[in-house]
Amino acid sequence: MGDAGAAGELESVRVASVLREDIILGRRPPGSRLVEREIAAELNVSRLPVREAIRTLVAEGIVVARPRTWAVVREFTERDIHDFGEVRASVETLIFMLAAERHDDEGLALMRDAFERELAAARAGDAETARLAAGHFHEIAAQLAGNAMLAELIGVFVTRLRWLFGQHDDLLAMAEEHRTILQAIATRDVDTLARIVPEHLASGQQAAQRRLAGDYAI
């Protein structure tokens, strides 16, 4: 029984990961239904881990549960984008500044690797890989900041942030912004980061607003 329970838990984690990535990358657009039996057949699992995975994504704020009907991918509003943008500007600017002060060589190498993967994918026109690498770049910065309270805070809404602000249009421009940020972190240039990170985050917010205006067209 214990092994069966552990296996079910592992399956639910895998299913949640697949669905989360599908939503973040726009494969399952806002308002689309998450039908347990269809997802179970698609991923070759039982309906129980699908149900648990959907509950996880509801808690992360990117899926809405509707009693006696299907769960759906959340539809965000312009107000949501504005509110999250304000929080993100404060929290992530601090994260990058702390990362500049506290990083070590190993951490910097991880950031550089994420940037290089993003740049290569952007040059190849591989939007999904570029966007995933860009999100990883930000996640590594949060780790390098070395602040447990900040990590806990951003963990509450990181999935929503990735969904709202991670589907930028100009892949090369975003990669170049990350190059500038990486250089400032490498030289521990906190003053420059205090100036350029809010500008960088504003680019992501503008892209989110354009998607919303275009009915989330990807």
# chains A, B, ... in the order shown; residues from 1 in each chain; ligands from 1

$ select_by_dssp --residues "segment 43-177 of chain A" --states "alpha helix (DSSP H)" --output "ChimeraX atom specification"
/A:43,47-60,78-102,105-124,127-145,148-165,171-177

$ residues_around --residues "Thr159 of chain A" --least-positions-apart "6" --cutoff "9 Å" --atoms "only C-alpha atoms" --output "list in words"
Arg20, Ile24, Leu57, Glu60, Gly61 and Ile62 of chain A

$ write_last_selection --atoms "all heavy atoms" --output "mmCIF file, in the first residue's frame"
data_model
loop_
_atom_site.group_PDB
_atom_site.id
_atom_site.type_symbol
_atom_site.label_atom_id
_atom_site.label_comp_id
_atom_site.auth_asym_id
_atom_site.auth_seq_id
_atom_site.Cartn_x
_atom_site.Cartn_y
_atom_site.Cartn_z
ATOM 1 N N ARG A 20 1.753 22.047 -16.080
ATOM 2 C CA ARG A 20 2.290 23.378 -15.772
ATOM 3 C C ARG A 20 3.067 23.926 -16.967
ATOM 4 O O ARG A 20 2.898 25.078 -17.360
ATOM 5 C CB ARG A 20 3.184 23.297 -14.535
ATOM 6 C CG ARG A 20 3.729 24.649 -14.077
ATOM 7 C CD ARG A 20 4.701 24.466 -12.919
ATOM 8 N NE ARG A 20 4.089 23.881 -11.745
ATOM 9 C CZ ARG A 20 4.342 22.647 -11.299
ATOM 10 N NH1 ARG A 20 5.223 21.864 -11.943
ATOM 11 N NH2 ARG A 20 3.743 22.185 -10.225
ATOM 12 N N ILE A 24 2.217 27.273 -19.108
ATOM 13 C CA ILE A 24 3.191 28.367 -19.145
ATOM 14 C C ILE A 24 3.622 28.678 -20.573
ATOM 15 O O ILE A 24 3.798 29.839 -20.944
ATOM 16 C CB ILE A 24 4.404 28.031 -18.259
ATOM 17 C CG1 ILE A 24 4.003 28.120 -16.779
ATOM 18 C CG2 ILE A 24 5.576 28.972 -18.537
ATOM 19 C CD1 ILE A 24 5.062 27.619 -15.823
ATOM 20 N N LEU A 57 -2.135 22.729 -9.268
ATOM 21 C CA LEU A 57 -2.110 23.903 -10.138
ATOM 22 C C LEU A 57 -3.157 24.932 -9.722
ATOM 23 O O LEU A 57 -2.952 26.129 -9.933
ATOM 24 C CB LEU A 57 -2.318 23.471 -11.589
ATOM 25 C CG LEU A 57 -1.247 22.522 -12.130
ATOM 26 C CD1 LEU A 57 -1.526 22.164 -13.577
ATOM 27 C CD2 LEU A 57 0.145 23.127 -11.993
ATOM 28 N N GLU A 60 -1.427 26.819 -7.117
ATOM 29 C CA GLU A 60 -0.410 27.698 -7.683
ATOM 30 C C GLU A 60 -1.008 28.892 -8.411
ATOM 31 O O GLU A 60 -0.282 29.806 -8.809
ATOM 32 C CB GLU A 60 0.494 26.907 -8.637
ATOM 33 C CG GLU A 60 1.348 25.875 -7.913
ATOM 34 C CD GLU A 60 2.221 25.064 -8.860
ATOM 35 O OE1 GLU A 60 2.252 25.378 -10.071
ATOM 36 O OE2 GLU A 60 2.870 24.117 -8.391
ATOM 37 N N GLY A 61 -2.318 28.880 -8.612
ATOM 38 C CA GLY A 61 -2.997 30.055 -9.149
ATOM 39 C C GLY A 61 -3.109 30.133 -10.653
ATOM 40 O O GLY A 61 -3.447 31.198 -11.188
ATOM 41 N N ILE A 62 -2.853 29.026 -11.366
ATOM 42 C CA ILE A 62 -2.962 29.087 -12.831
ATOM 43 C C ILE A 62 -4.116 28.247 -13.365
ATOM 44 O O ILE A 62 -4.341 28.211 -14.580
ATOM 45 C CB ILE A 62 -1.648 28.679 -13.526
ATOM 46 C CG1 ILE A 62 -1.231 27.258 -13.147
ATOM 47 C CG2 ILE A 62 -0.544 29.674 -13.206
ATOM 48 C CD1 ILE A 62 -0.048 26.742 -13.974
#

$ closest_residue --among "A:Gly107, A:Leu171, A:Trp163, A:Gly85" --to "Gly125 of chain A" --atoms "only C-alpha atoms"
A:Leu171

$ atom_distance --atom1 "atom CA of Glu36 of chain A" --atom2 "atom CA of Phe157 of chain A"
24.5 Å

$ closest_atom_pairs --of "segment 37-100 of chain A" --to "segment 13-18 of chain A" --cutoff "10 Å" --atoms "only C-alpha atoms" --output "JSON lines"
{"residue": "A:Ile39", "atom": "CA", "partner": "A:Val15", "partner_atom": "CA", "distance": 8.7}
{"residue": "A:Ala40", "atom": "CA", "partner": "A:Val15", "partner_atom": "CA", "distance": 8.9}
{"residue": "A:Leu43", "atom": "CA", "partner": "A:Val15", "partner_atom": "CA", "distance": 7.5}
{"residue": "A:Val45", "atom": "CA", "partner": "A:Val15", "partner_atom": "CA", "distance": 8.7}
{"residue": "A:Pro49", "atom": "CA", "partner": "A:Val15", "partner_atom": "CA", "distance": 7.0}
{"residue": "A:Val50", "atom": "CA", "partner": "A:Val15", "partner_atom": "CA", "distance": 6.3}
{"residue": "A:Arg51", "atom": "CA", "partner": "A:Val15", "partner_atom": "CA", "distance": 9.4}
{"residue": "A:Glu52", "atom": "CA", "partner": "A:Ala16", "partner_atom": "CA", "distance": 8.1}
{"residue": "A:Ala53", "atom": "CA", "partner": "A:Ala16", "partner_atom": "CA", "distance": 4.5}
{"residue": "A:Ile54", "atom": "CA", "partner": "A:Ala16", "partner_atom": "CA", "distance": 6.8}
{"residue": "A:Arg55", "atom": "CA", "partner": "A:Ala16", "partner_atom": "CA", "distance": 8.9}
{"residue": "A:Thr56", "atom": "CA", "partner": "A:Ala16", "partner_atom": "CA", "distance": 7.0}
{"residue": "A:Leu57", "atom": "CA", "partner": "A:Ala16", "partner_atom": "CA", "distance": 7.0}

$ residues_around --residues "Arg211 of chain A" --least-positions-apart "4" --cutoff "12 Å" --atoms "only C-alpha atoms" --output "VMD selection string"
chain A and resid 26 29 to 30 75 to 78 81 163 to 169 204 to 207 215 to 218

$ closest_residue --among "A:Leu132, A:Ala184, A:Ala208, A:Leu119" --to "Leu172 of chain A" --atoms "only C-alpha atoms"
A:Leu119

$ atom_distance --atom1 "atom CA of Gln209 of chain A" --atom2 "atom CA of Leu25 of chain A"
16.1 Å

$ closest_residue --among "A:Val64, A:Leu161, A:Ala59, A:Met97" --to "Thr187 of chain A" --atoms "only C-alpha atoms"
A:Met97

$ closest_residue --among "A:Asp113, A:Asp22, A:Glu38, A:Asp126" --to "Asp170 of chain A" --atoms "only C-alpha atoms"
A:Asp126

$ closest_residue --among "A:Thr192, A:His138, A:Arg27, A:Ala145" --to "Arg88 of chain A" --atoms "only C-alpha atoms"
A:His138

$ atom_distance --atom1 "atom CA of Arg160 of chain A" --atom2 "atom CA of Phe84 of chain A"
8.6 Å

$ closest_residue --among "A:Val87, A:Phe96, A:Leu182, A:Asp80" --to "Leu110 of chain A" --atoms "only C-alpha atoms"
A:Leu182

$ residues_around --residues "Asp105 of chain A" --least-positions-apart "5" --cutoff "12 Å" --atoms "only C-alpha atoms" --output "list in words"
Ala99, Ala100, Leu110, Met111, Arg112, Leu144, Ile185, Ala186 and Thr187 of chain A

$ write_last_selection --atoms "N, CA, C and O atoms" --output "JSON list (two decimals), in the first residue's frame"
[["chain", "number", "residue", "atom", "x", "y", "z"],
["A", 99, "ALA", "N", 21.83, 38.70, -5.57],
["A", 99, "ALA", "CA", 22.61, 37.71, -6.32],
["A", 99, "ALA", "C", 23.95, 38.29, -6.72],
["A", 99, "ALA", "O", 24.98, 37.58, -6.70],
["A", 100, "ALA", "N", 23.98, 39.56, -7.09],
["A", 100, "ALA", "CA", 25.24, 40.21, -7.45],
["A", 100, "ALA", "C", 26.19, 40.26, -6.26],
["A", 100, "ALA", "O", 27.40, 40.05, -6.39],
["A", 110, "LEU", "N", 26.21, 28.70, -13.51],
["A", 110, "LEU", "CA", 24.84, 28.23, -13.78],
["A", 110, "LEU", "C", 24.04, 29.30, -14.51],
["A", 110, "LEU", "O", 23.30, 28.99, -15.47],
["A", 111, "MET", "N", 24.17, 30.54, -14.08],
["A", 111, "MET", "CA", 23.46, 31.63, -14.75],
["A", 111, "MET", "C", 23.95, 31.78, -16.19],
["A", 111, "MET", "O", 23.15, 31.98, -17.11],
["A", 112, "ARG", "N", 25.25, 31.70, -16.38],
["A", 112, "ARG", "CA", 25.81, 31.84, -17.72],
["A", 112, "ARG", "C", 25.33, 30.72, -18.63],
["A", 112, "ARG", "O", 25.01, 30.94, -19.81],
["A", 144, "LEU", "N", 20.71, 32.30, -5.92],
["A", 144, "LEU", "CA", 21.96, 32.98, -5.58],
["A", 144, "LEU", "C", 21.76, 34.12, -4.59],
["A", 144, "LEU", "O", 22.69, 34.54, -3.92],
["A", 185, "ILE", "N", 25.86, 41.31, -12.77],
["A", 185, "ILE", "CA", 25.98, 40.39, -11.64],
["A", 185, "ILE", "C", 27.43, 39.93, -11.51],
["A", 185, "ILE", "O", 27.98, 39.87, -10.41],
["A", 186, "ALA", "N", 28.04, 39.59, -12.64],
["A", 186, "ALA", "CA", 29.42, 39.09, -12.61],
["A", 186, "ALA", "C", 30.37, 40.11, -12.00],
["A", 186, "ALA", "O", 31.33, 39.74, -11.30],
["A", 187, "THR", "N", 30.12, 41.40, -12.25],
["A", 187, "THR", "CA", 31.00, 42.45, -11.73],
["A", 187, "THR", "C", 30.47, 43.04, -10.42],
["A", 187, "THR", "O", 31.02, 44.01, -9.92]]

$ decode --residues "segment 145-185 of chain A" --atoms "N, CA and C atoms" --output "short mmCIF file (atom, residue, chain, number, x, y, z; two decimals), in the first residue's frame"
data_model
loop_
_atom_site.label_atom_id
_atom_site.label_comp_id
_atom_site.auth_asym_id
_atom_site.auth_seq_id
_atom_site.Cartn_x
_atom_site.Cartn_y
_atom_site.Cartn_z
N ALA A 145 20.53 34.63 -4.52
CA ALA A 145 20.25 35.72 -3.57
C ALA A 145 20.48 35.28 -2.13
N GLY A 146 20.31 33.98 -1.89
CA GLY A 146 20.64 33.44 -0.57
C GLY A 146 19.79 33.97 0.56
N ASN A 147 18.51 34.20 0.28
CA ASN A 147 17.60 34.72 1.30
C ASN A 147 16.38 33.82 1.38
N ALA A 148 16.26 33.07 2.47
CA ALA A 148 15.19 32.08 2.60
C ALA A 148 13.81 32.74 2.57
N MET A 149 13.68 33.91 3.15
CA MET A 149 12.39 34.58 3.17
C MET A 149 11.96 35.00 1.76
N LEU A 150 12.92 35.53 0.99
CA LEU A 150 12.62 35.89 -0.39
C LEU A 150 12.25 34.65 -1.21
N ALA A 151 12.98 33.56 -0.99
CA ALA A 151 12.70 32.33 -1.72
C ALA A 151 11.29 31.83 -1.41
N GLU A 152 10.91 31.91 -0.14
CA GLU A 152 9.57 31.49 0.26
C GLU A 152 8.51 32.40 -0.36
N LEU A 153 8.78 33.69 -0.37
CA LEU A 153 7.83 34.65 -0.92
C LEU A 153 7.61 34.43 -2.41
N ILE A 154 8.70 34.30 -3.14
CA ILE A 154 8.55 34.15 -4.59
C ILE A 154 8.02 32.77 -4.95
N GLY A 155 8.25 31.79 -4.07
CA GLY A 155 7.71 30.46 -4.32
C GLY A 155 6.20 30.43 -4.32
N VAL A 156 5.58 31.37 -3.62
CA VAL A 156 4.12 31.43 -3.56
C VAL A 156 3.51 31.74 -4.91
N PHE A 157 4.18 32.58 -5.71
CA PHE A 157 3.56 33.00 -6.96
C PHE A 157 4.47 32.82 -8.18
N VAL A 158 5.52 32.00 -8.06
CA VAL A 158 6.47 31.87 -9.16
C VAL A 158 5.81 31.31 -10.42
N THR A 159 4.86 30.36 -10.28
CA THR A 159 4.23 29.79 -11.46
C THR A 159 3.40 30.83 -12.19
N ARG A 160 2.68 31.65 -11.43
CA ARG A 160 1.90 32.71 -12.06
C ARG A 160 2.81 33.73 -12.75
N LEU A 161 3.94 34.04 -12.12
CA LEU A 161 4.88 34.97 -12.74
C LEU A 161 5.41 34.41 -14.06
N ARG A 162 5.77 33.14 -14.06
CA ARG A 162 6.28 32.54 -15.29
C ARG A 162 5.21 32.54 -16.37
N TRP A 163 3.97 32.28 -15.98
CA TRP A 163 2.88 32.25 -16.97
C TRP A 163 2.60 33.64 -17.52
N LEU A 164 2.51 34.60 -16.62
CA LEU A 164 2.14 35.96 -17.05
C LEU A 164 3.24 36.64 -17.85
N PHE A 165 4.49 36.48 -17.42
CA PHE A 165 5.56 37.30 -17.97
C PHE A 165 6.60 36.51 -18.76
N GLY A 166 6.36 35.21 -18.93
CA GLY A 166 7.39 34.39 -19.57
C GLY A 166 7.23 34.17 -21.05
N GLN A 167 6.16 34.66 -21.65
CA GLN A 167 5.92 34.40 -23.06
C GLN A 167 6.24 35.62 -23.91
N HIS A 168 7.44 36.16 -23.72
CA HIS A 168 7.87 37.35 -24.44
C HIS A 168 7.98 37.06 -25.93
N ASP A 169 7.84 38.10 -26.72
CA ASP A 169 7.78 37.96 -28.18
C ASP A 169 9.16 38.03 -28.83
N ASP A 170 9.97 39.01 -28.45
CA ASP A 170 11.26 39.23 -29.09
C ASP A 170 12.32 38.44 -28.32
N LEU A 171 12.58 37.23 -28.80
CA LEU A 171 13.46 36.32 -28.07
C LEU A 171 14.88 36.85 -27.97
N LEU A 172 15.38 37.40 -29.05
CA LEU A 172 16.76 37.90 -29.05
C LEU A 172 16.91 39.13 -28.16
N ALA A 173 15.92 40.01 -28.18
CA ALA A 173 15.99 41.20 -27.33
C ALA A 173 15.99 40.81 -25.86
N MET A 174 15.18 39.82 -25.49
CA MET A 174 15.15 39.37 -24.10
C MET A 174 16.47 38.75 -23.71
N ALA A 175 17.05 37.96 -24.61
CA ALA A 175 18.35 37.35 -24.32
C ALA A 175 19.43 38.42 -24.13
N GLU A 176 19.39 39.45 -24.94
CA GLU A 176 20.38 40.53 -24.80
C GLU A 176 20.21 41.27 -23.48
N GLU A 177 18.98 41.43 -23.04
CA GLU A 177 18.76 42.04 -21.72
C GLU A 177 19.35 41.17 -20.63
N HIS A 178 19.19 39.86 -20.77
CA HIS A 178 19.78 38.94 -19.80
C HIS A 178 21.31 38.99 -19.85
N ARG A 179 21.87 39.20 -21.03
CA ARG A 179 23.32 39.33 -21.13
C ARG A 179 23.81 40.52 -20.29
N THR A 180 23.10 41.65 -20.40
CA THR A 180 23.49 42.85 -19.66
C THR A 180 23.37 42.62 -18.15
N ILE A 181 22.30 41.95 -17.76
CA ILE A 181 22.10 41.65 -16.34
C ILE A 181 23.19 40.72 -15.84
N LEU A 182 23.52 39.70 -16.62
CA LEU A 182 24.56 38.76 -16.24
C LEU A 182 25.90 39.46 -16.06
N GLN A 183 26.23 40.37 -16.94
CA GLN A 183 27.48 41.11 -16.83
C GLN A 183 27.51 41.94 -15.54
N ALA A 184 26.39 42.55 -15.21
CA ALA A 184 26.33 43.36 -13.99
C ALA A 184 26.46 42.48 -12.75
N ILE A 185 25.86 41.31 -12.77
CA ILE A 185 25.98 40.39 -11.64
C ILE A 185 27.43 39.93 -11.51
#
